[in-house]
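S.K.: What follows is data02.csv, CSV, C-alpha atoms.
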```csv
chain,number,residue,atom,x,y,z
K,1,MET,CA,0.0,0.0,0.0
K,2,SER,CA,1.2,3.5,-0.7
K,3,GLU,CA,2.2,5.6,2.2
K,4,PRO,CA,0.3,8.7,3.2
K,5,ILE,CA,2.0,12.1,2.7
K,6,ASP,CA,3.1,13.6,6.0
K,7,PHE,CA,2.2,17.2,6.1
K,8,TYR,CA,4.0,19.0,8.9
K,9,PHE,CA,3.0,22.6,9.7
K,10,ASP,CA,2.8,25.1,12.5
K,11,PHE,CA,-0.6,26.9,12.9
K,12,ALA,CA,1.4,30.2,13.1
K,13,SER,CA,3.1,29.6,9.7
K,14,PRO,CA,1.7,31.6,6.8
K,15,TYR,CA,3.4,29.3,4.3
K,16,GLY,CA,1.7,26.4,6.1
K,17,TYR,CA,-1.6,28.2,5.8
K,18,PHE,CA,-1.1,28.5,2.0
K,19,ALA,CA,0.0,24.8,1.7
K,20,SER,CA,-3.0,23.7,3.7
K,21,HIS,CA,-5.3,24.9,0.9
K,22,LYS,CA,-3.5,22.7,-1.7
K,23,ILE,CA,-2.3,19.6,0.1
K,24,ASP,CA,-5.5,17.6,0.0
K,25,ASP,CA,-6.1,18.1,-3.8
K,26,LEU,CA,-2.4,17.3,-4.5
K,27,ALA,CA,-2.7,14.1,-2.5
K,28,ALA,CA,-5.9,13.1,-4.2
K,29,ARG,CA,-4.3,13.6,-7.6
K,30,ALA,CA,-1.5,11.3,-6.5
K,31,GLY,CA,-3.9,8.7,-5.0
K,32,ARG,CA,-2.5,9.2,-1.5
K,33,ALA,CA,-3.9,10.1,1.9
K,34,VAL,CA,-2.5,13.0,4.0
K,35,ASN,CA,-1.5,12.9,7.6
K,36,TRP,CA,-1.9,16.4,8.9
K,37,ARG,CA,0.7,16.9,11.5
K,38,PRO,CA,0.8,20.2,13.4
K,39,PHE,CA,4.1,20.8,15.3
K,40,LEU,CA,5.7,23.7,17.0
K,41,LEU,CA,8.3,25.7,15.1
K,42,GLY,CA,9.6,27.1,18.3
K,43,ALA,CA,11.0,23.7,19.2
K,44,ALA,CA,12.7,23.5,15.7
K,45,PHE,CA,14.1,27.0,16.0
K,46,LYS,CA,16.0,25.9,19.1
K,47,LEU,CA,17.8,23.3,17.0
K,48,SER,CA,18.2,25.3,13.8
K,49,GLY,CA,19.0,28.6,15.4
K,50,MET,CA,16.4,30.3,13.2
K,51,GLN,CA,14.0,33.0,14.3
K,52,PRO,CA,10.5,33.8,13.0
K,53,LEU,CA,10.8,35.4,9.6
K,54,VAL,CA,9.4,38.8,10.7
K,55,ASN,CA,11.8,38.9,13.6
K,56,GLN,CA,14.9,38.6,11.4
K,57,ALA,CA,17.1,41.4,10.1
K,58,GLU,CA,15.1,44.1,8.3
K,59,ILE,CA,16.9,43.5,5.0
K,60,ARG,CA,15.2,40.1,5.0
K,61,ALA,CA,12.1,40.6,7.2
K,62,TRP,CA,10.4,43.1,4.9
K,63,TYR,CA,10.1,40.5,2.1
K,64,PHE,CA,7.9,37.9,3.8
K,65,PRO,CA,4.8,39.9,4.6
K,66,HIS,CA,5.0,41.2,1.0
K,67,ASP,CA,5.3,37.6,-0.3
K,68,TRP,CA,2.5,36.4,1.9
K,69,GLN,CA,0.1,39.0,0.6
K,70,ARG,CA,1.2,38.2,-3.0
K,71,ILE,CA,0.5,34.5,-2.6
K,72,ALA,CA,-2.8,35.2,-0.8
K,73,ARG,CA,-3.9,37.3,-3.8
K,74,ARG,CA,-2.9,34.6,-6.2
K,75,GLN,CA,-4.8,32.0,-4.1
K,76,LYS,CA,-7.7,34.4,-3.8
K,77,ARG,CA,-7.7,33.8,0.0
K,78,PRO,CA,-7.9,36.4,2.7
K,79,PHE,CA,-4.7,37.1,4.7
K,80,LYS,CA,-4.3,39.2,7.8
K,81,LEU,CA,-1.6,39.0,10.4
K,82,ALA,CA,-2.9,39.0,13.9
K,83,GLU,CA,-1.6,41.6,16.3
K,84,GLY,CA,1.4,40.2,18.0
K,85,PHE,CA,2.1,37.6,15.2
K,86,PRO,CA,3.6,35.1,15.4
K,87,HIS,CA,1.9,33.3,18.4
K,88,ALA,CA,2.7,29.9,19.9
K,89,ALA,CA,0.1,27.4,18.8
K,90,VAL,CA,0.2,25.0,21.7
K,91,ALA,CA,-3.6,25.0,22.4
K,92,PRO,CA,-4.9,24.2,18.9
K,93,SER,CA,-2.1,21.8,18.3
K,94,ARG,CA,-3.0,19.8,21.5
K,95,LEU,CA,-6.7,19.9,20.5
K,96,PHE,CA,-5.8,18.7,17.0
K,97,TYR,CA,-4.1,15.5,18.3
K,98,TRP,CA,-6.9,14.9,20.8
K,99,LEU,CA,-9.5,15.2,18.0
K,100,ARG,CA,-7.5,13.0,15.7
K,101,ASP,CA,-7.7,10.2,18.3
K,102,LYS,CA,-11.2,10.8,19.6
K,103,HIS,CA,-13.1,12.5,16.7
K,104,PRO,CA,-10.9,11.8,13.7
K,105,ASP,CA,-13.5,13.0,11.2
K,106,LYS,CA,-13.3,16.5,12.7
K,107,ALA,CA,-9.5,16.9,13.1
K,108,ARG,CA,-8.8,18.2,9.6
K,109,ASP,CA,-11.8,20.6,9.6
K,110,PHE,CA,-10.6,21.9,13.0
K,111,ALA,CA,-7.2,22.6,11.5
K,112,LYS,CA,-8.7,24.4,8.6
K,113,ARG,CA,-10.9,26.5,10.9
K,114,ILE,CA,-7.9,27.5,13.0
K,115,TYR,CA,-6.0,28.6,9.9
K,116,GLN,CA,-9.0,30.4,8.6
K,117,ALA,CA,-9.4,32.3,11.9
K,118,TYR,CA,-5.7,33.0,12.4
K,119,PHE,CA,-4.7,34.1,8.9
K,120,GLY,CA,-8.0,34.6,7.1
K,121,GLU,CA,-9.4,36.9,9.9
K,122,GLY,CA,-6.2,37.8,11.9
K,123,ARG,CA,-7.8,36.5,15.1
K,124,ASP,CA,-5.5,35.0,17.8
K,125,VAL,CA,-7.0,31.5,18.2
K,126,LEU,CA,-3.6,30.1,19.1
K,127,THR,CA,-2.8,31.5,22.5
K,128,SER,CA,-6.4,31.7,23.8
K,129,ALA,CA,-7.6,28.3,24.9
K,130,ASP,CA,-11.2,29.6,24.8
K,131,ALA,CA,-10.9,30.7,21.2
K,132,ALA,CA,-9.3,27.4,20.2
K,133,VAL,CA,-12.0,25.4,22.0
K,134,ALA,CA,-14.7,27.5,20.3
K,135,GLU,CA,-13.4,26.4,16.9
K,136,ALA,CA,-13.9,22.8,17.9
K,137,VAL,CA,-17.3,23.5,19.4
K,138,ALA,CA,-18.3,25.0,16.1
K,139,LEU,CA,-17.8,21.5,14.6
K,140,GLY,CA,-20.1,19.9,17.2
K,141,VAL,CA,-17.5,18.9,19.7
K,142,ASN,CA,-18.6,19.0,23.4
K,143,ARG,CA,-17.1,22.1,25.0
K,144,ASP,CA,-16.4,20.5,28.4
K,145,GLU,CA,-14.7,17.5,26.8
K,146,ALA,CA,-12.4,19.9,24.8
K,147,VAL,CA,-11.5,22.0,27.8
K,148,ALA,CA,-10.7,18.8,29.8
K,149,ALA,CA,-8.6,17.6,26.9
K,150,LEU,CA,-6.6,20.8,26.9
K,151,ASN,CA,-5.8,20.4,30.5
K,152,ASP,CA,-5.1,16.6,30.4
K,153,PRO,CA,-1.4,15.8,31.0
K,154,ALA,CA,-1.7,12.9,28.6
K,155,ILE,CA,-2.7,15.3,25.8
K,156,LYS,CA,0.2,17.6,26.7
K,157,GLU,CA,2.5,14.6,26.4
K,158,ARG,CA,0.9,13.6,23.1
K,159,LEU,CA,1.8,16.9,21.5
K,160,LYS,CA,5.3,16.8,22.9
K,161,THR,CA,5.8,13.3,21.5
K,162,GLU,CA,4.6,14.5,18.1
K,163,VAL,CA,6.9,17.5,18.1
K,164,ASP,CA,9.9,15.3,19.2
K,165,ALA,CA,9.0,12.8,16.4
K,166,ALA,CA,9.0,15.6,13.8
K,167,LEU,CA,12.3,16.9,15.0
K,168,SER,CA,13.8,13.4,14.9
K,169,ARG,CA,12.7,13.2,11.3
K,170,ARG,CA,14.7,16.4,10.7
K,171,VAL,CA,11.7,18.6,10.1
K,172,PHE,CA,12.9,22.1,10.7
K,173,GLY,CA,10.4,24.3,8.9
K,174,SER,CA,6.8,24.8,8.0
K,175,PRO,CA,5.4,23.4,5.8
K,176,THR,CA,7.4,20.3,5.4
K,177,PHE,CA,6.3,17.3,3.3
K,178,ILE,CA,7.6,13.8,3.7
K,179,VAL,CA,6.7,11.5,0.9
K,180,ASP,CA,8.0,7.9,0.9
K,181,GLY,CA,10.8,9.0,3.2
K,182,GLU,CA,11.8,12.0,1.1
K,183,LEU,CA,11.6,15.4,2.8
K,184,PHE,CA,10.7,18.5,0.9
K,185,TRP,CA,10.6,21.9,2.7
K,186,GLY,CA,8.5,24.8,1.6
K,187,HIS,CA,5.2,25.8,0.1
K,188,ASP,CA,7.3,26.6,-3.0
K,189,ARG,CA,8.2,23.0,-3.5
K,190,MET,CA,4.7,21.5,-3.7
K,191,ALA,CA,5.1,21.0,-7.4
K,192,ASP,CA,8.2,19.0,-6.8
K,193,VAL,CA,6.3,16.9,-4.2
K,194,GLU,CA,3.7,16.2,-6.8
K,195,GLU,CA,6.3,15.3,-9.4
K,196,TRP,CA,8.1,13.0,-6.9
K,197,LEU,CA,4.9,11.1,-6.2
K,198,LYS,CA,4.0,10.9,-9.9
K,199,SER,CA,7.4,9.7,-11.1
K,200,GLY,CA,8.5,7.7,-8.1
K,201,GLY,CA,11.4,10.0,-7.5
K,202,TRP,CA,14.7,10.6,-9.1
D,1,MET,CA,9.1,42.9,-26.0
D,2,ALA,CA,7.5,45.7,-24.0
D,3,GLY,CA,8.8,46.5,-20.5
D,4,ASP,CA,12.1,47.0,-18.8
D,5,PRO,CA,14.5,44.0,-18.6
D,6,ILE,CA,14.0,41.3,-16.0
D,7,LEU,CA,16.9,41.5,-13.6
D,8,PHE,CA,18.5,38.2,-12.5
D,9,HIS,CA,20.4,38.9,-9.4
D,10,PHE,CA,22.8,36.1,-8.5
D,11,ASP,CA,26.1,35.2,-6.8
D,12,PHE,CA,28.5,32.8,-8.5
D,13,SER,CA,29.0,31.0,-5.2
D,14,SER,CA,25.3,30.3,-4.7
D,15,PRO,CA,24.0,26.8,-5.7
D,16,TYR,CA,20.4,27.9,-5.9
D,17,ALA,CA,21.5,30.7,-8.2
D,18,TYR,CA,23.2,28.1,-10.4
D,19,PHE,CA,20.0,26.1,-10.7
D,20,ALA,CA,18.1,29.2,-11.6
D,21,ALA,CA,20.8,30.3,-14.1
D,22,ARG,CA,20.4,26.9,-15.9
D,23,HIS,CA,16.8,27.6,-16.6
D,24,VAL,CA,16.1,31.3,-16.4
D,25,GLU,CA,16.4,32.1,-20.1
D,26,GLN,CA,14.3,29.1,-21.1
D,27,VAL,CA,11.5,30.0,-18.8
D,28,LEU,CA,11.5,33.8,-18.9
D,29,ALA,CA,13.2,35.1,-22.1
D,30,LYS,CA,9.9,34.7,-24.0
D,31,HIS,CA,8.6,37.7,-22.0
D,32,ARG,CA,11.4,40.2,-21.8
D,33,GLU,CA,15.2,40.6,-22.1
D,34,ILE,CA,17.0,39.3,-19.0
D,35,ALA,CA,19.8,41.3,-17.6
D,36,TRP,CA,22.1,39.1,-15.5
D,37,ARG,CA,23.4,40.9,-12.4
D,38,PRO,CA,26.0,39.1,-10.3
D,39,PHE,CA,26.5,40.7,-6.9
D,40,MET,CA,28.4,39.9,-3.8
D,41,LEU,CA,26.1,38.0,-1.5
D,42,GLY,CA,28.5,38.0,1.4
D,43,LYS,CA,27.7,41.7,1.9
D,44,ALA,CA,24.0,41.0,2.1
D,45,PHE,CA,24.6,38.1,4.5
D,46,ARG,CA,26.6,40.3,6.8
D,47,ALA,CA,23.7,42.7,6.9
D,48,THR,CA,21.4,39.8,8.0
D,49,GLY,CA,23.8,38.3,10.5
D,50,MET,CA,23.2,34.9,9.0
D,51,ALA,CA,25.9,32.3,8.3
D,52,PRO,CA,26.2,30.6,5.0
D,53,LEU,CA,23.6,27.9,4.6
D,54,THR,CA,25.9,24.9,4.9
D,55,GLN,CA,27.1,26.2,8.3
D,56,GLN,CA,23.6,26.3,9.7
D,57,PRO,CA,22.4,23.2,11.7
D,58,LEU,CA,19.6,21.1,10.1
D,59,ARG,CA,19.0,23.5,7.3
D,60,GLY,CA,22.6,23.1,6.0
D,61,THR,CA,22.2,19.3,5.8
D,62,TYR,CA,18.9,19.7,4.0
D,63,ALA,CA,20.3,22.2,1.5
D,64,ALA,CA,23.2,19.8,0.6
D,65,HIS,CA,20.7,17.0,0.0
D,66,ASP,CA,18.4,19.3,-1.9
D,67,TRP,CA,21.2,20.4,-4.2
D,68,GLN,CA,22.0,16.8,-5.0
D,69,ARG,CA,18.4,16.1,-5.7
D,70,LEU,CA,17.9,19.1,-7.9
D,71,ALA,CA,21.0,18.2,-9.9
D,72,ARG,CA,19.9,14.6,-10.4
D,73,ARG,CA,16.7,15.9,-12.0
D,74,ASP,CA,18.7,18.1,-14.2
D,75,GLY,CA,20.9,15.2,-15.2
D,76,PHE,CA,24.2,16.0,-13.5
D,77,THR,CA,26.1,15.3,-10.2
D,78,PHE,CA,26.5,18.3,-8.0
D,79,VAL,CA,29.9,18.9,-6.4
D,80,LEU,CA,30.3,20.8,-3.1
D,81,ARG,CA,33.9,21.9,-2.7
D,82,ASP,CA,35.5,22.2,0.7
D,83,ASP,CA,36.1,25.9,0.1
D,84,PHE,CA,32.3,26.5,-0.3
D,85,PRO,CA,31.2,29.2,-0.3
D,86,TYR,CA,33.9,31.2,-2.0
D,87,THR,CA,34.2,34.8,-2.8
D,88,ALA,CA,33.6,35.2,-6.5
D,89,LEU,CA,35.1,38.7,-6.9
D,90,VAL,CA,37.1,37.9,-10.0
D,91,ALA,CA,34.3,36.1,-11.9
D,92,SER,CA,31.9,38.9,-11.0
D,93,ARG,CA,34.1,41.7,-12.2
D,94,ALA,CA,35.0,39.7,-15.3
D,95,PHE,CA,31.2,39.4,-16.0
D,96,TYR,CA,30.6,43.1,-16.1
D,97,TRP,CA,33.7,43.6,-18.4
D,98,LEU,CA,32.4,40.9,-20.8
D,99,GLU,CA,28.9,42.3,-20.7
D,100,SER,CA,30.1,45.6,-21.9
D,101,LEU,CA,31.5,43.8,-25.0
D,102,ASP,CA,29.0,41.0,-25.6
D,103,VAL,CA,25.9,40.3,-23.5
D,104,LEU,CA,25.4,36.8,-24.8
D,105,LEU,CA,29.1,35.9,-24.2
D,106,ALA,CA,28.8,37.2,-20.6
D,107,LYS,CA,25.9,34.9,-20.0
D,108,ARG,CA,27.7,31.9,-21.5
D,109,PHE,CA,30.7,32.9,-19.4
D,110,SER,CA,28.5,32.8,-16.3
D,111,LEU,CA,27.2,29.3,-17.0
D,112,THR,CA,30.8,28.2,-17.6
D,113,VAL,CA,32.0,29.6,-14.3
D,114,PHE,CA,29.1,28.0,-12.5
D,115,ASP,CA,29.8,24.7,-14.2
D,116,ALA,CA,33.5,24.8,-13.4
D,117,TYR,CA,32.7,25.2,-9.7
D,118,PHE,CA,29.6,23.1,-9.1
D,119,VAL,CA,30.0,20.3,-11.7
D,120,ARG,CA,33.7,20.0,-12.4
D,121,GLY,CA,34.7,21.0,-8.8
D,122,ARG,CA,37.3,23.5,-9.8
D,123,ASP,CA,38.6,26.2,-7.5
D,124,MET,CA,37.3,29.4,-9.1
D,125,ALA,CA,38.5,32.0,-6.6
D,126,ALA,CA,41.8,32.7,-8.4
D,127,ALA,CA,42.0,35.0,-11.4
D,128,GLU,CA,44.0,32.3,-13.4
D,129,ALA,CA,41.1,29.8,-13.2
D,130,VAL,CA,38.5,32.4,-14.3
D,131,ALA,CA,40.8,33.4,-17.2
D,132,ASP,CA,41.2,29.7,-18.2
D,133,GLU,CA,37.4,29.2,-18.3
D,134,ALA,CA,36.9,32.4,-20.3
D,135,ALA,CA,39.7,31.4,-22.7
D,136,ALA,CA,37.7,28.2,-23.6
D,137,LEU,CA,35.0,30.6,-24.9
D,138,GLY,CA,37.5,32.5,-27.0
D,139,VAL,CA,38.2,35.4,-24.5
D,140,ASP,CA,41.7,36.7,-24.4
D,141,ARG,CA,43.3,35.6,-21.0
D,142,ASP,CA,45.5,38.7,-20.6
D,143,ALA,CA,42.6,41.1,-21.4
D,144,LEU,CA,40.5,39.4,-18.7
D,145,LEU,CA,43.3,39.5,-16.2
D,146,THR,CA,43.8,43.2,-16.9
D,147,ALA,CA,40.1,44.0,-16.8
D,148,VAL,CA,39.5,42.4,-13.4
D,149,ARG,CA,42.3,44.6,-11.9
D,150,ASP,CA,40.7,47.7,-13.5
D,151,GLU,CA,39.0,50.1,-11.1
D,152,ARG,CA,36.2,50.6,-13.5
D,153,TRP,CA,35.0,46.9,-13.2
D,154,LYS,CA,35.7,46.8,-9.5
D,155,GLN,CA,33.4,49.8,-9.1
D,156,ARG,CA,30.8,48.4,-11.4
D,157,LEU,CA,30.5,45.3,-9.2
D,158,LYS,CA,30.3,47.4,-6.1
D,159,ASP,CA,27.6,49.5,-7.7
D,160,ALA,CA,25.6,46.4,-8.7
D,161,THR,CA,25.9,45.0,-5.2
D,162,ASP,CA,24.8,48.3,-3.6
D,163,GLN,CA,22.0,48.6,-6.0
D,164,ALA,CA,20.7,45.1,-5.3
D,165,VAL,CA,20.9,45.5,-1.6
D,166,GLY,CA,19.4,48.9,-1.8
D,167,LYS,CA,16.4,47.5,-3.6
D,168,GLY,CA,15.9,44.9,-0.9
D,169,VAL,CA,17.7,42.0,-2.4
D,170,PHE,CA,19.0,39.8,0.5
D,171,GLY,CA,19.6,36.5,-1.2
D,172,ALA,CA,20.5,34.7,-4.4
D,173,PRO,CA,18.9,34.2,-6.7
D,174,THR,CA,16.5,37.1,-6.8
D,175,ILE,CA,14.5,37.9,-9.9
D,176,GLU,CA,13.3,41.5,-10.3
D,177,VAL,CA,10.4,42.4,-12.6
D,178,ASP,CA,9.4,46.1,-12.6
D,179,GLY,CA,10.7,46.5,-9.0
D,180,GLU,CA,8.8,43.3,-7.8
D,181,LEU,CA,11.3,40.9,-6.2
D,182,PHE,CA,11.0,37.1,-6.2
D,183,TRP,CA,13.5,35.3,-4.1
D,184,GLY,CA,14.5,31.6,-4.8
D,185,SER,CA,15.2,29.3,-7.7
D,186,ASP,CA,11.8,27.8,-7.1
D,187,ARG,CA,10.0,31.0,-8.1
D,188,LEU,CA,10.7,30.9,-11.8
D,189,THR,CA,7.3,29.5,-12.5
D,190,MET,CA,5.7,32.2,-10.4
D,191,VAL,CA,7.6,34.9,-12.3
D,192,ASP,CA,6.6,33.3,-15.6
D,193,GLU,CA,3.0,33.5,-14.5
D,194,TRP,CA,3.5,37.1,-13.2
D,195,LEU,CA,4.7,38.2,-16.6
D,196,THR,CA,2.0,36.3,-18.4
D,197,LYS,CA,-0.8,37.8,-16.3
D,198,GLY,CA,0.7,41.2,-15.7
D,199,GLY,CA,0.9,40.6,-12.0
D,200,TRP,CA,-1.9,40.3,-9.6
```
Output the file's structure in the form of structure tokens.

M.R.:
Amino acid sequence: MSEPIDFYFDFASPYGYFASHKIDDLAARAGRAVNWRPFLLGAAFKLSGMQPLVNQAEIRAWYFPHDWQRIARRQKRPFKLAEGFPHAAVAPSRLFYWLRDKHPDKARDFAKRIYQAYFGEGRDVLTSADAAVAEAVALGVNRDEAVAALNDPAIKERLKTEVDAALSRRVFGSPTFIVDGELFWGHDRMADVEEWLKSGGW
Amino acid sequence: MAGDPILFHFDFSSPYAYFAARHVEQVLAKHREIAWRPFMLGKAFRATGMAPLTQQPLRGTYAAHDWQRLARRDGFTFVLRDDFPYTALVASRAFYWLESLDVLLAKRFSLTVFDAYFVRGRDMAAAEAVADEAAALGVDRDALLTAVRDERWKQRLKDATDQAVGKGVFGAPTIEVDGELFWGSDRLTMVDEWLTKGGW
């Protein structure tokens, strides 16, 4: 059986947001499933020494918001940076993995809702547990269950395990795609990912 | 072809710039003239405080793997010398001298210099090596060696670097269309689309 595509992303990553709109169609064309895998870039930054793009030297930092707006226009998607961007996406990432285990049919839609709120509307649903829970509730998830999950040490551990697993696979950026063991970094490389799947690699 | 030339900002020591250089004319020349513009990337790096890619943890390993993979698709074996990244002052000055004589020759020279370093694994820092590679294209060795010591071509390169950095260029390759900057060898398709559609 063909392996699913592993789609690693951080909810605070604009390029991850753009990739999230395309990955399912790409996978469908290739006849593969997708494992959506949120992780925390902050943990990767500790290993790579990188900083968020907007916090880097001005000679570089100006380019990325410009590029994000340009891609958003091309995708005909809304794009707005929340005040205080970027935020740490611990709450929605924990909720995602809880949903994947308990309500798997809702996990991907939850991820899409989080991205739509954070980048489509510029609303911080990453650092506010209430706001993240509300996105799950909007999908029919029980609020008390979701709140309990967020506070459950096992769920905290679950996310930590997922992040550690990503880092051990040498994931350092968002988005990252792993297809049949081959790692591609960047929204810009999705055409290469598709070609790799189609051709069997080179 | 209406419109100002496309500017292809690159550094001879940049692998991603090499991959772009191999394809930029085929992808974009149908829209406009492309003016190749070597600049000294080291100056831009110093402004960012970033180390060269191969010296960065995790990202450096990925980059080396990515260059091999890109090369395989293009049908060659990529060679990463121990002196990577080198300072391509001589080749860059020589480019502007050659461009003043024959634009096409300057572009062929550029691809030859890239090929010498990244495919044949030749040390391209020294003036002698650059002159050798140019000689294979029919360029007079002594004329090149004289030109790269000439203040005029030293200044031309400094100007090109300052202009690139002044416009916001921070990495190689960067493609500039009517002041719009696209960074990365993986943006050729996007630039093609930008030119086809007239932007968006």

S.K.: Please determine the contact residues of chain D with respect to chain K at a cut-off of 8 Å, counting only C-alpha atoms, and supply them as a PyMOL selection string.

M.R.: chain D and resi 47-49+56-59+69+72-73+165+168-170+186-187+200

S.K.: Next, write the just-selected residues to a file, as a compact mmCIF listing (two decimals), in the frame of the given file, keeping C-alpha atoms as the atom set.

M.R.:
```txt
# COMPACT_ATOMS: atom_id res chain seq x y z
CA ALA D 47 23.70 42.70 6.90
CA THR D 48 21.40 39.80 8.00
CA GLY D 49 23.80 38.30 10.50
CA GLN D 56 23.60 26.30 9.70
CA PRO D 57 22.40 23.20 11.70
CA LEU D 58 19.60 21.10 10.10
CA ARG D 59 19.00 23.50 7.30
CA ARG D 69 18.40 16.10 -5.70
CA ARG D 72 19.90 14.60 -10.40
CA ARG D 73 16.70 15.90 -12.00
CA VAL D 165 20.90 45.50 -1.60
CA GLY D 168 15.90 44.90 -0.90
CA VAL D 169 17.70 42.00 -2.40
CA PHE D 170 19.00 39.80 0.50
CA ASP D 186 11.80 27.80 -7.10
CA ARG D 187 10.00 31.00 -8.10
CA TRP D 200 -1.90 40.30 -9.60
```

S.K.: Quick one: of K:Leu126, K:Ile178, K:Ala131, K:Leu150, who's nearest to K:Val34, counting only C-alpha atoms?

M.R.: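 Ranking K:Leu126, K:Ile178, K:Ala131, K:Leu150 by distance to K:Val34, first place goes to K:Ile178.
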
S.K.: Just to confirm, what's the straight-line distance from atom CA of D:Val130 to atom CA of D:Gln55 in Å (one decimal)?

M.R.: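 Distance between the two atoms: 26.1 Å.
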
S.K.: If I put a ball of radius 9 Å at (-0.1, 3.2, 1.6) in the file's coordinates, which residues poke into it when counting only C-alpha atoms, written as a ChimeraX atom specification?

M.R.: /K:1-4,32-33

S.K.: Would you work out the distance separating atom CA of D:Leu70 from atom CA of D:Met190, expressed in Å to one decimal?

M.R.: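 Computed distance, atom CA of D:Leu70 to atom CA of D:Met190, equals 18.1 Å.
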
S.K.: Please list as a list in words every residue within 7 Å of D:Trp183, counting all atoms listed in the file and excluding residues in the same chain fewer than 4 positions away.

M.R.: Gly171, Pro173, Thr174, Ile175 and Arg187 of chain D

S.K.: Taking all atoms listed in the file into account, name the residue in K:Gly122, K:Gly140, K:Pro153, K:Pro52 that is nearest to K:Phe110.

M.R.: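 Result for the nearest residue to K:Phe110: K:Gly140.
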
S.K.: What is the atom CA of K:Gly181-atom CA of K:Ala166 distance in Å, reported with one decimal?

M.R.: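 Going from atom CA of K:Gly181 over to atom CA of K:Ala166, I get 12.6 Å.
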
S.K.: Tell me, as a ChimeraX atom specification, which residues lie within 12 Å of D:Ala106, counting all atoms listed in the file; anything in the same chain fewer than 3 positions away does not count.

M.R.: /D:35-38,91-103,109-113,133-134,137-139

S.K.: Please produce an output containing C-alpha atoms for each residue in the selection, written as a tab-separated table (two decimals), keeping the file's coordinate frame.

M.R.:
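Output saved as selection_20.tsv:
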```
chain	number	residue	atom	x	y	z
D	35	ALA	CA	19.80	41.30	-17.60
D	36	TRP	CA	22.10	39.10	-15.50
D	37	ARG	CA	23.40	40.90	-12.40
D	38	PRO	CA	26.00	39.10	-10.30
D	91	ALA	CA	34.30	36.10	-11.90
D	92	SER	CA	31.90	38.90	-11.00
D	93	ARG	CA	34.10	41.70	-12.20
D	94	ALA	CA	35.00	39.70	-15.30
D	95	PHE	CA	31.20	39.40	-16.00
D	96	TYR	CA	30.60	43.10	-16.10
D	97	TRP	CA	33.70	43.60	-18.40
D	98	LEU	CA	32.40	40.90	-20.80
D	99	GLU	CA	28.90	42.30	-20.70
D	100	SER	CA	30.10	45.60	-21.90
D	101	LEU	CA	31.50	43.80	-25.00
D	102	ASP	CA	29.00	41.00	-25.60
D	103	VAL	CA	25.90	40.30	-23.50
D	109	PHE	CA	30.70	32.90	-19.40
D	110	SER	CA	28.50	32.80	-16.30
D	111	LEU	CA	27.20	29.30	-17.00
D	112	THR	CA	30.80	28.20	-17.60
D	113	VAL	CA	32.00	29.60	-14.30
D	133	GLU	CA	37.40	29.20	-18.30
D	134	ALA	CA	36.90	32.40	-20.30
D	137	LEU	CA	35.00	30.60	-24.90
D	138	GLY	CA	37.50	32.50	-27.00
D	139	VAL	CA	38.20	35.40	-24.50
```

S.K.: Box for stretch 42-60 of chain K - axis-aligned, 5 Å on each of the six sides, all listed atoms - centre and size in Å to one decimal, as lines of an AutoDock Vina configuration file.

M.R.:
```
center_x = 14.2
center_y = 33.7
center_z = 12.1
size_x = 19.6
size_y = 30.8
size_z = 24.2
```

S.K.: For stretch 22-29 of chain D, list every protein, DNA or RNA residue within 9 Å, evaluated using all atoms listed in the file, and leave out those in the same chain fewer than 2 positions away; present the list as a list of chain:residue names.

M.R.: D:Ile6, D:Phe8, D:Ala17, D:Tyr18, D:Phe19, D:Ala20, D:His31, D:Arg32, D:Glu33, D:Ile34, D:Leu111, D:Ser185, D:Leu188, D:Thr189, D:Val191, D:Asp192, D:Leu195

S.K.: Any idea what's packed within 8 Å of D:Tyr117, counting all atoms listed in the file, ignoring anything in its chain fewer than 5 positions away? Could you give it as a list in words?

M.R.: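 So the residues in contact are Val79, Arg81, Arg122, Asp123 and Met124 of chain D.
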
S.K.: Deliver the residues from the most recent selection as a file, using C-alpha atoms, as a PDB file, in the coordinates of the input.

M.R.:
```
ATOM      1  CA  VAL D  79      29.900  18.900  -6.400  1.00  0.00           C
ATOM      2  CA  ARG D  81      33.900  21.900  -2.700  1.00  0.00           C
ATOM      3  CA  ARG D 122      37.300  23.500  -9.800  1.00  0.00           C
ATOM      4  CA  ASP D 123      38.600  26.200  -7.500  1.00  0.00           C
ATOM      5  CA  MET D 124      37.300  29.400  -9.100  1.00  0.00           C
TER       6      MET D 124
END
```

S.K.: Nearest to D:Phe182 among D:Phe76, D:Trp194, D:Phe84, D:Thr61, with distances taken over only C-alpha atoms: which residue is it?

M.R.: D:Trp194

S.K.: Could you give me, as a ChimeraX atom specification, the residues that sit within 12 Å of (5.4, 15.0, 22.6) in the file's coordinates, counting only C-alpha atoms?

M.R.: /K:38-40,43,90,93-94,97,153-168

S.K.: For a quick check of understanding, using only C-alpha atoms, which of K:Lys76, K:Pro92, K:Val179, K:Tyr15 has the smallest distance to K:Phe64?

M.R.: K:Tyr15

S.K.: If you count all atoms listed in the file, which residues fall within 7 Å of stretch 141-147 of chain D, apart from same-chain ones fewer than 4 positions away, as a PyMOL selection string?

M.R.: chain D and resi 94+97+127+131-132+135+153
